Amino acid sequence: MQDAITAEYSGPPKLNYLNNGFTLKSWLLTKDHKRIAIMYLITVSLFFMAGGLYASAIRLELLTPASDLLQTGTYNKVFTQHGILMIFFFLIPSIPAVLGNFILPIMIGAKDLALPRINLLSLYIYWVGGAFTVWALLQGGVDTGWTFYTPYSTTFSNTYVMAVGLGIFINGFSSILTGLNFIVTVHTMRAPGMTWFRLPLFVWAQYATSLVMILGTPVIAITVLLLAIERFAHVGIFDPAIGGDPILFQHMFWFYSHPAVYIMILPGMGVISELISNFSRKKIFGYEFIAFSSIAIAVFGFLVWGHHMFVSGQSVYAGLVFSFLTMVVAVPSAIKMFNWTATMYKGSISYDTPMLYGIGFMGLFLIGGLTGLFLGAIGLTVHLTDTYFVVAHFHYVMVGGQVIAYLGGIHYWWPKMTGKMYSEFWGKISAMLVFIGFNLTFFPQFILGYMGMPRRYASYPPEFQVLNIFSTAGASVLGVGLVMPVIYLAQSLIAGKAAGDNPWMLPGLEWRTSSPPPTENFDVMPVVTWEAYEFGEESGLDLEAARANESVRTI
Amino acid sequence: MMQTNSWVPLFPEQASTFAWQVDLLYLYLIVISVAFTIPIVVAIFLFALKYREKEKFASGAEIHGSMVLEAGWSFLPFVISMTIFLGGAVVYYNQYKMPEDAMQVYVVGKQWMWKIQHETGQREINELHIPVNRKVKLTMTTEDALHDFSIPAFRTKADVVPGRYTYLWFEANKPGKYHLFCAEYCGLNHSGMGGYVYVMEQSDFDNWLEGNVSGQTPVEQGRDLFENKLGCASCHAGGPQQRGAKLEGIYGKEVHLAGGGTVTANDEYIRNSILNPSSQVVEGFQPIMPTFKGQVTEEQLVSLVAYIKSLSGVTGSTSTSQPASNSAANSGSNVRSNSNVATPRRADRGQANKPGSNPNAPGPANR
């Protein structure tokens with residue numbers, strides 16, 4: 001088999017986006033969406049590791065009821081910075097800027113994004129915002145919680161609130177430009193025959209996410225700006241001592257940050273649609289319903305921000321309306337869940353590493369979504385607000401959803417991005433460790449939350465200790481599961497087997513170009529004549545030859 | 001040591017009248033969740049085993065979807081989520097609707113302690129003693145950042161917001177010692193900002209009140225501030241030549257403002273009129289009152305509001321120290337309100353209450 005592959009590529013090595021220039025300049029001034037995606041991948045991973053270190057510090061501190069490992073002031077900074085790095089610098093850019101950037105143009109048969117220079121600009125803005133934030137954290141950090149609630153953030157905190165705020169402000173423009181770029185690209189750059197309803201569902205999900213990015217992100221920018229005006233010029237906007245209204249801040253903050261929650265889950269749903277359908281080798285069940293449920297989530301996501309404020313003093317009618325709308329927004333997520341499950345029915349399912357992540361996502365997102373209903377039921381959530389139940393819920397959605405989907409996507413497109421195949425054995429082990437470790441870490445926190453343990457507590461009453469020990473123990477398993485891919489993926493770059501152009505014989509356009517793809521993605525402009533997830537005759541895939549190859553390759 | 005005998009393992013103790021409602025709603029949601037999770041997980045496992053690929057790269061069946069199924073699994077979650085919404089709304093309504101006959105307690109949050117004052121004057125810090133089977137209403141504000149008064153055993157909490165009053169009520173139904181937390185992040189010592197709520201039998205509570213010699217009650221303090229310390233009375237004493245509006249009988253009434261418009265004279269309005277006098281000037285008066293911002297603490301404001309309320313015959317139930325001038329003031333004419341001043345109307349969230357309406361009220365007279 002090894003001979004067969006080398007035979008295909010005999011002669012000079014094929015020119016691809018990786019070996020097309022090796023200088024630093026060829027990377028820093030590239031307009032190639034794939035190179036930009038790789039640079040995002042590296043940066044985003046660094047932020048994820050930094051956020052993960054903060055998470056470890058949190059879990060270690062909470063092993064004991066007293067605040068002994070970290071002083072309360074340090075602990076407050078640690079959980080704040082964990083949130084800021086993970087949300088603004090990892091979760092939001094993770095799938096769109098890395099996987100979306102790399103694969104979206106290839107999926108629709110385009111040479112690049114519609115606005116390649118803007119794409120590079122958005123990377124630089126992300127770098128500047130990130131560097132600014134890291135600088136502020138090194139100077140002394142910030143202790144307001146990632147939510148920056150006023151008047152604490154404007155009047156009482158003596159930490160680097162505005163420096164970090166500025167970092168987030170700058171970073172927001174990166175999000176806006178990426179969203180804009182994706183929307184323009186999907187509208188204008190589709191290959192001949194690639195109609196809207198032939199688009200892979202990952203593209204639909206990215207499109208919906210982009211809508212939220214360009215409509216929501218300006219609001220957080222305005223909010224940060226108002227915060228700065230109050231902090232520096234003492235104009236009363238949020239602080240009641242000078243005539244402002246602290247609840248106004250919460251409305252503005254959540255008007256962005258609730259839709260931002262969907263920026264952090266919709267792309268993950270897109271990846272899962274790809275994984276479930278492709279590894280079941282079957283058309284996705286209810287394509288249109290999944291596609292439009294993404295759009296529905298993006299739209300309804302703008303109408304539910306008040307469910308973060310049920311006990312903040314907003315009016316009872318507002319509370320009831322937001323509770324009602326929160327229940328409505330649960331429906332499109334339920335539709336996706338049922339359709340993914342139905343997709344597996346009568347499939348031809350293989351359990352490669354990406355599919356393990358896909359199935360893991362379904363389990364975790366199910367729990368994350370259902371516990372969202374608990375928090376939407378207004379009479380119940382008065383008790384649950386600001387407890388560990390909330391912490392557990394959003395980690396089930398953000399980590400159990402987005403991070404798992406991101407890892408699944410990385411494993412799925414890794415052969416395409418690098419041309420190399422990672423160790424399937426270690427991939428499966430790590431996928432299972434992540435799943436088990438995640439549940440051990442966060443499931444006990446639901447129970448802790450209902451028992452009443454408040455979040456953001458450096459010290460807690462001793463009766464909560466047992467479950468906190470479970471949680472920390474689980475976190476160490478999760479940690480191991482998350483470190484492993486770094487090792488075996490890096491190892492695959494050096495010693496991995498060549499993946500071939502289409503290791504799983506899938507019909508998507510990205511699998512019909514070489515691995516890694518050439519700079520312009522396709523040697524010949526593709527013409528699409530098949531539906532999305534077409535595994536039958538119309539797909540034109542030579543499965544017989546692939547099977548013959550596979551039988552030789554199987555170890 | 002805390003009591004930990006909850007009625008369901010891993011549930012916090014049920015110690016208030018709406019704890020069982022919240023727990024019931026929680027159990028309903030757990031049942032719904034399990035009812036959704038089991039079929040989906042079973043289906044995933046079943047499909048995963050049964051439809052494992054038989055031949056490498058074989059295709060799955062050609063199925064595109066089903067309108068019937070889509071309609072069904074859109075409609076069913078919608079209906080179920082509406083039952084959850086309605087259940088949540090009912091439980092919330094019970095928590096939100098303030099009782100008319102509650103014992104009043106004033107709470108001021110401050111980084112990082114809870115300062116609490118009973119209507120009979122007793123003060124406590126980070127502890128709240130209350131009698132069992134008695135409705136208690138908290139009127140809360142904060143001197144600095146946001147806080148949140150949270151008692152898990154009562155299944156209730158409310159944010160405490162600077163610049164305004166928020167309210168929380170509950171009726172404890174089981175004597176014991178329960179955690180009091182600050183649930184809204186408020187800075188350095190947030191996790192230390194808490195203590196205990198002691199729910200006591202009425203007789204024990206009476207003893208406790210007696211054992212904690214009260215200073216002035218909030219109304220007495222307010223009168224002291226009004227008449228002596230802040231000198232409010234020099235303009236607001238109510239005579240015909242006064243430069244300030246008369247305050248007797250205004251509580252809960254519509255007040256006409258200079259420049260048009262009306263406002264209900266509730267706690268917020270009184271508080272705001274002390275701190276920002278020129279923002280809502282009563283019709284017929286000049287905006288000459290100076291601001292008292294920076295000169296009064298939140299606790300003094302609470303007392304002033306309590307005193308001004310008492311001028312309209314509005315108090316909580318426990319105080320026996322009604323100002324003697326009260327009935328005389330009420331019988332006088334009221335210049336700016338044409339409604340019947342003798343009957344205190346329900347105002348704000350309904351803390352209007354006739355003095356002495358609660359026969360269980362402990363107070364100096366009962367001892």
# chains A, B, ... in the order shown; residues from 1 in each chain; ligands from 1
>>> residues_around(residues="A:Leu482", least_positions_apart="2", cutoff="9 Å", atoms="only C-alpha atoms", output="list in words")
Ser430, Ala431, Leu433, Val434, Val477, Leu478, Gly479, Val480, Met484, Pro485 and Val486 of chain A
>>> interface_residues(of="chain A", to="chain B", cutoff="6 Å", atoms="only C-alpha atoms", output="mmCIF file with C-alpha atoms, in the first residue's frame")
data_model
loop_
_atom_site.group_PDB
_atom_site.id
_atom_site.type_symbol
_atom_site.label_atom_id
_atom_site.label_comp_id
_atom_site.auth_asym_id
_atom_site.auth_seq_id
_atom_site.Cartn_x
_atom_site.Cartn_y
_atom_site.Cartn_z
ATOM 1 C CA GLY A 73 -8.057 37.954 45.707
ATOM 2 C CA PRO A 151 -20.826 49.210 39.606
ATOM 3 C CA TYR A 152 -18.132 46.810 40.842
ATOM 4 C CA PRO A 240 -26.139 54.870 40.597
ATOM 5 C CA ARG A 281 -22.395 7.121 5.394
ATOM 6 C CA LYS A 282 -25.923 8.313 4.905
ATOM 7 C CA PHE A 285 -32.073 13.178 8.273
ATOM 8 C CA GLY A 286 -34.142 16.346 7.745
ATOM 9 C CA VAL A 311 -33.229 37.859 40.106
ATOM 10 C CA SER A 312 -31.593 41.156 39.141
ATOM 11 C CA MET A 327 -38.587 27.724 26.254
ATOM 12 C CA TYR A 345 -30.853 4.779 11.693
ATOM 13 C CA LYS A 346 -29.993 2.284 8.926
ATOM 14 C CA GLY A 347 -26.616 3.860 8.417
ATOM 15 C CA SER A 348 -23.332 2.099 7.817
ATOM 16 C CA ILE A 349 -21.591 3.432 10.872
ATOM 17 C CA SER A 350 -17.860 3.357 11.474
ATOM 18 C CA ALA A 377 -38.191 27.776 34.327
ATOM 19 C CA ILE A 378 -38.381 31.033 36.186
ATOM 20 C CA GLY A 379 -39.706 29.749 39.534
ATOM 21 C CA LEU A 380 -36.948 27.167 39.728
ATOM 22 C CA VAL A 382 -34.540 31.842 41.320
ATOM 23 C CA HIS A 383 -33.025 29.107 43.472
ATOM 24 C CA ASP A 386 -25.555 32.066 40.581
ATOM 25 C CA MET A 451 -27.637 22.081 47.267
ATOM 26 C CA GLY A 452 -26.999 25.802 47.068
ATOM 27 C CA PRO A 454 -22.791 29.705 45.078
ATOM 28 C CA TYR A 457 -16.588 31.249 45.930
ATOM 29 C CA ALA A 458 -12.958 30.786 46.950
ATOM 30 C CA SER A 459 -14.067 29.150 50.190
ATOM 31 C CA PHE A 535 -23.153 8.349 -0.797
#
>>> residues_around(residues="B:Lys246", least_positions_apart="2", cutoff="7 Å", atoms="only C-alpha atoms", output="number ranges by chain")
B: 236-238, 244, 248
>>> closest_residue(among="A:Ile125, A:Met264, A:Met194, A:Ala498", to="A:Met421", atoms="only C-alpha atoms")
A:Ala498
>>> atom_distance(atom1="atom CA of A:Leu201", atom2="atom CA of A:Gly270")
5.7 Å
>>> atom_distance(atom1="atom CA of A:Phe464", atom2="atom CA of A:Asn439")
18.0 Å
>>> select_by_dssp(residues="stretch 223-309 of chain A", states="alpha helix (DSSP H)", output="ChimeraX atom specification")
/A:223-233,246-263,266-279,287-300
>>> residues_around(residues="B:Glu283", least_positions_apart="4", cutoff="8 Å", atoms="only C-alpha atoms", output="PyMOL selection string")
chain B and resi 256-260
>>> write_last_selection(atoms="N, CA and C atoms", output="compact mmCIF listing (two decimals), in the first residue's frame")
# COMPACT_ATOMS: atom_id res chain seq x y z
N HIS B 256 -48.28 64.99 42.11
CA HIS B 256 -48.15 65.77 40.86
C HIS B 256 -46.84 66.52 40.89
N LEU B 257 -46.15 66.46 39.77
CA LEU B 257 -44.82 67.05 39.71
C LEU B 257 -44.87 68.39 38.99
N ALA B 258 -43.96 69.27 39.38
CA ALA B 258 -43.79 70.52 38.65
C ALA B 258 -43.40 70.17 37.22
N GLY B 259 -44.01 70.81 36.27
CA GLY B 259 -43.69 70.49 34.88
C GLY B 259 -44.52 69.34 34.36
N GLY B 260 -45.54 68.95 35.11
CA GLY B 260 -46.44 67.91 34.62
C GLY B 260 -45.99 66.53 35.02
>>> closest_residue(among="B:Pro99, B:Gly109, B:Gly249, B:Gly195", to="B:Gly313", atoms="only C-alpha atoms")
B:Gly249
>>> residues_around(residues="A:Gln314", least_positions_apart="6", cutoff="10 Å", atoms="only C-alpha atoms", output="JSON, numbers by chain")
{"A": [247, 251, 306]}
>>> residues_around(residues="A:Phe197", least_positions_apart="6", cutoff="9 Å", atoms="only C-alpha atoms", output="list in words")
Tyr287, Glu288, Ala291, Glu531 and Ala532 of chain A
>>> write_last_selection(atoms="C-alpha atoms", output="JSON list (two decimals), in the first residue's frame")
[["chain", "number", "residue", "atom", "x", "y", "z"],
["A", 287, "TYR", "CA", -31.50, 18.53, 6.06],
["A", 288, "GLU", "CA", -33.79, 21.56, 5.76],
["A", 291, "ALA", "CA", -30.38, 24.15, 8.34],
["A", 531, "GLU", "CA", -26.62, 16.63, -3.11],
["A", 532, "ALA", "CA", -24.95, 17.11, 0.28]]
>>> closest_residue(among="A:Tyr533, A:Phe443, A:Tyr488, A:Phe22", to="A:Glu424", atoms="only C-alpha atoms")
A:Tyr488
>>> atom_distance(atom1="atom CA of A:Gln402", atom2="atom CA of A:Ile290")
17.1 Å
